[in-house]
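Written out below as structure tokens is the structure these notes cover.
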Amino acid sequence: MPLEDNIQFECVEIEKERGIDIILKKDGSVEKIPYADDFADRDTTLKSVQNYVSPKYQVRWYMDSLGSDTLAFCIKLSLEWKNLEKEFGIEKIRYYFEPIDNDSVMFEMSIDEVFDLIEEREK
């Protein structure tokens, strides 16, 4: 992302069980990530970042990292994703780069769900 679009992250200690809040800051806009009271999770963090940078940018999950101990993500201008989908087809781009939305589950999948998704993708 260009420097002018970078997001600042601030971790703040809090009294709740999860112990922290993460605050997103950009261009005078401030947003606290809406975690559950008892824990902070990576899925909520990524979905919040996606919502924060939208509609100008999209964060997508690089699906070849599925099943790895490290998931990979890519951020591009929304227009660039649309151009890639036009050039290579929506199905092909989404096969490799899954859009993140409020219903996305990435880190919170069970191992069975991961293997089921891998098997489904191989068909």
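Residue names in the structure tokens use chain letters A, B, ... in the order shown, residue numbers from 1 in each chain, and ligand numbers from 1 in the order shown.
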
Need the shell around segment 32-40 of chain A: protein/DNA/RNA residues with any atom at most 7 Å away, counting only C-alpha atoms. Skip same-chain ones fewer than 4 positions apart. Format as a PDB file with N, CA, C and O atoms, in the first residue's frame?
ATOM      1  N   LYS A  16     -10.514  -5.991  30.557  1.00  0.00           N
ATOM      2  CA  LYS A  16     -11.287  -7.184  30.201  1.00  0.00           C
ATOM      3  C   LYS A  16     -10.391  -8.413  30.161  1.00  0.00           C
ATOM      4  O   LYS A  16      -9.168  -8.309  30.088  1.00  0.00           O
ATOM      5  N   GLU A  17     -11.000  -9.580  30.164  1.00  0.00           N
ATOM      6  CA  GLU A  17     -10.266 -10.840  30.194  1.00  0.00           C
ATOM      7  C   GLU A  17      -9.261 -10.972  29.054  1.00  0.00           C
ATOM      8  O   GLU A  17      -8.182 -11.540  29.228  1.00  0.00           O
ATOM      9  N   ARG A  18      -9.599 -10.447  27.865  1.00  0.00           N
ATOM     10  CA  ARG A  18      -8.683 -10.589  26.723  1.00  0.00           C
ATOM     11  C   ARG A  18      -7.425  -9.748  26.895  1.00  0.00           C
ATOM     12  O   ARG A  18      -6.417  -9.990  26.246  1.00  0.00           O
ATOM     13  N   ASP A  21      -6.959  -4.217  23.555  1.00  0.00           N
ATOM     14  CA  ASP A  21      -7.733  -3.754  22.409  1.00  0.00           C
ATOM     15  C   ASP A  21      -6.727  -3.401  21.336  1.00  0.00           C
ATOM     16  O   ASP A  21      -5.611  -2.960  21.636  1.00  0.00           O
ATOM     17  N   ILE A  22      -7.108  -3.603  20.093  1.00  0.00           N
ATOM     18  CA  ILE A  22      -6.291  -3.134  18.976  1.00  0.00           C
ATOM     19  C   ILE A  22      -7.092  -2.047  18.278  1.00  0.00           C
ATOM     20  O   ILE A  22      -8.260  -2.240  17.925  1.00  0.00           O
ATOM     21  N   ILE A  23      -6.455  -0.907  18.109  1.00  0.00           N
ATOM     22  CA  ILE A  23      -7.072   0.265  17.506  1.00  0.00           C
ATOM     23  C   ILE A  23      -6.459   0.481  16.123  1.00  0.00           C
ATOM     24  O   ILE A  23      -5.238   0.463  15.965  1.00  0.00           O
ATOM     25  N   LEU A  24      -7.312   0.663  15.110  1.00  0.00           N
ATOM     26  CA  LEU A  24      -6.873   0.982  13.747  1.00  0.00           C
ATOM     27  C   LEU A  24      -6.989   2.489  13.556  1.00  0.00           C
ATOM     28  O   LEU A  24      -8.009   3.084  13.920  1.00  0.00           O
ATOM     29  N   THR A  44     -11.217 -12.119  13.496  1.00  0.00           N
ATOM     30  CA  THR A  44     -11.846 -10.812  13.735  1.00  0.00           C
ATOM     31  C   THR A  44     -10.901  -9.687  13.334  1.00  0.00           C
ATOM     32  O   THR A  44     -11.332  -8.685  12.752  1.00  0.00           O
ATOM     33  N   THR A  45      -9.608  -9.855  13.615  1.00  0.00           N
ATOM     34  CA  THR A  45      -8.628  -8.838  13.243  1.00  0.00           C
ATOM     35  C   THR A  45      -8.613  -8.639  11.730  1.00  0.00           C
ATOM     36  O   THR A  45      -8.713  -7.506  11.235  1.00  0.00           O
ATOM     37  N   SER A  48     -11.794  -7.085  10.353  1.00  0.00           N
ATOM     38  CA  SER A  48     -11.845  -5.659  10.690  1.00  0.00           C
ATOM     39  C   SER A  48     -10.928  -4.841   9.801  1.00  0.00           C
ATOM     40  O   SER A  48     -11.294  -3.750   9.357  1.00  0.00           O
TER      41      SER A  48
END

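Near Met106 of chain A, within 12 Å and counting only C-alpha atoms, sit Asp41, Arg42, Asp43, Thr44, Thr45, Leu46, Lys47, Arg60, Trp61, Tyr62, Met63, Ser65, Leu66, Gly67, Ser68, Asp69, Thr70, Leu71, Ala72, Phe73, Glu98, Pro99, Ile100, Glu113, Val114 and Leu117 of chain A; same-chain residues fewer than 6 positions away were not included.
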
inquiry  = To test your reading of the structure, identify every residue in chain A that backbone DSSP assigns to alpha helix (DSSP H), and report it as a ChimeraX atom specification.
reply    = /A:42-53,78-88,90-96,111-122

Among A:Glu13, A:Glu31, A:Asp64, A:Asp5, Asn51 of chain A is approached most closely, using only C-alpha atoms, by A:Glu31

Which residues in chain A does DSSP call strand (DSSP E)? List them as a ChimeraX atom specification. /A:8-13,20-26,29-32,57-62,72-77,97-99

Using C-alpha atoms, can you export the residues from the last selection as a CSV table (one decimal), in the first residue's frame?
chain,number,residue,atom,x,y,z
A,8,GLN,CA,-1.4,2.5,12.2
A,9,PHE,CA,-2.2,-0.2,14.8
A,10,GLU,CA,-2.2,0.6,18.5
A,11,CYS,CA,-2.4,-2.1,21.2
A,12,VAL,CA,-3.9,-0.8,24.4
A,13,GLU,CA,-4.0,-2.8,27.6
A,20,ILE,CA,-5.9,-5.8,25.0
A,21,ASP,CA,-7.7,-3.8,22.4
A,22,ILE,CA,-6.3,-3.1,19.0
A,23,ILE,CA,-7.1,0.3,17.5
A,24,LEU,CA,-6.9,1.0,13.7
A,25,LYS,CA,-6.0,4.6,12.8
A,26,LYS,CA,-5.8,6.3,9.4
A,29,SER,CA,-10.3,7.8,11.5
A,30,VAL,CA,-10.1,5.6,14.6
A,31,GLU,CA,-11.7,2.2,14.9
A,32,LYS,CA,-11.5,-0.4,17.7
A,57,TYR,CA,-8.6,-2.1,-1.1
A,58,GLN,CA,-9.4,-5.7,-0.6
A,59,VAL,CA,-7.6,-8.2,1.6
A,60,ARG,CA,-7.7,-11.7,0.2
A,61,TRP,CA,-6.6,-15.1,1.6
A,62,TYR,CA,-4.0,-16.8,-0.6
A,72,ALA,CA,-0.9,-15.9,3.7
A,73,PHE,CA,-2.8,-12.9,2.6
A,74,CYS,CA,-2.6,-10.3,-0.2
A,75,ILE,CA,-3.9,-6.8,-0.3
A,76,LYS,CA,-4.5,-4.9,-3.6
A,77,LEU,CA,-6.7,-2.1,-4.8
A,97,PHE,CA,-7.3,-15.6,-3.6
A,98,GLU,CA,-10.5,-15.9,-1.6
A,99,PRO,CA,-12.1,-12.5,-0.7

How many Å lie between atom CA of Ser54 of chain A and atom CA of Asp27 of chain A, rounded to one decimal?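 So the two atoms, atom CA of Ser54 of chain A and atom CA of Asp27 of chain A, lie 14.1 Å apart.
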
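Taking atom CA of Leu3 of chain A and atom CA of Leu84 of chain A as endpoints, the distance between them is 23.5 Å.
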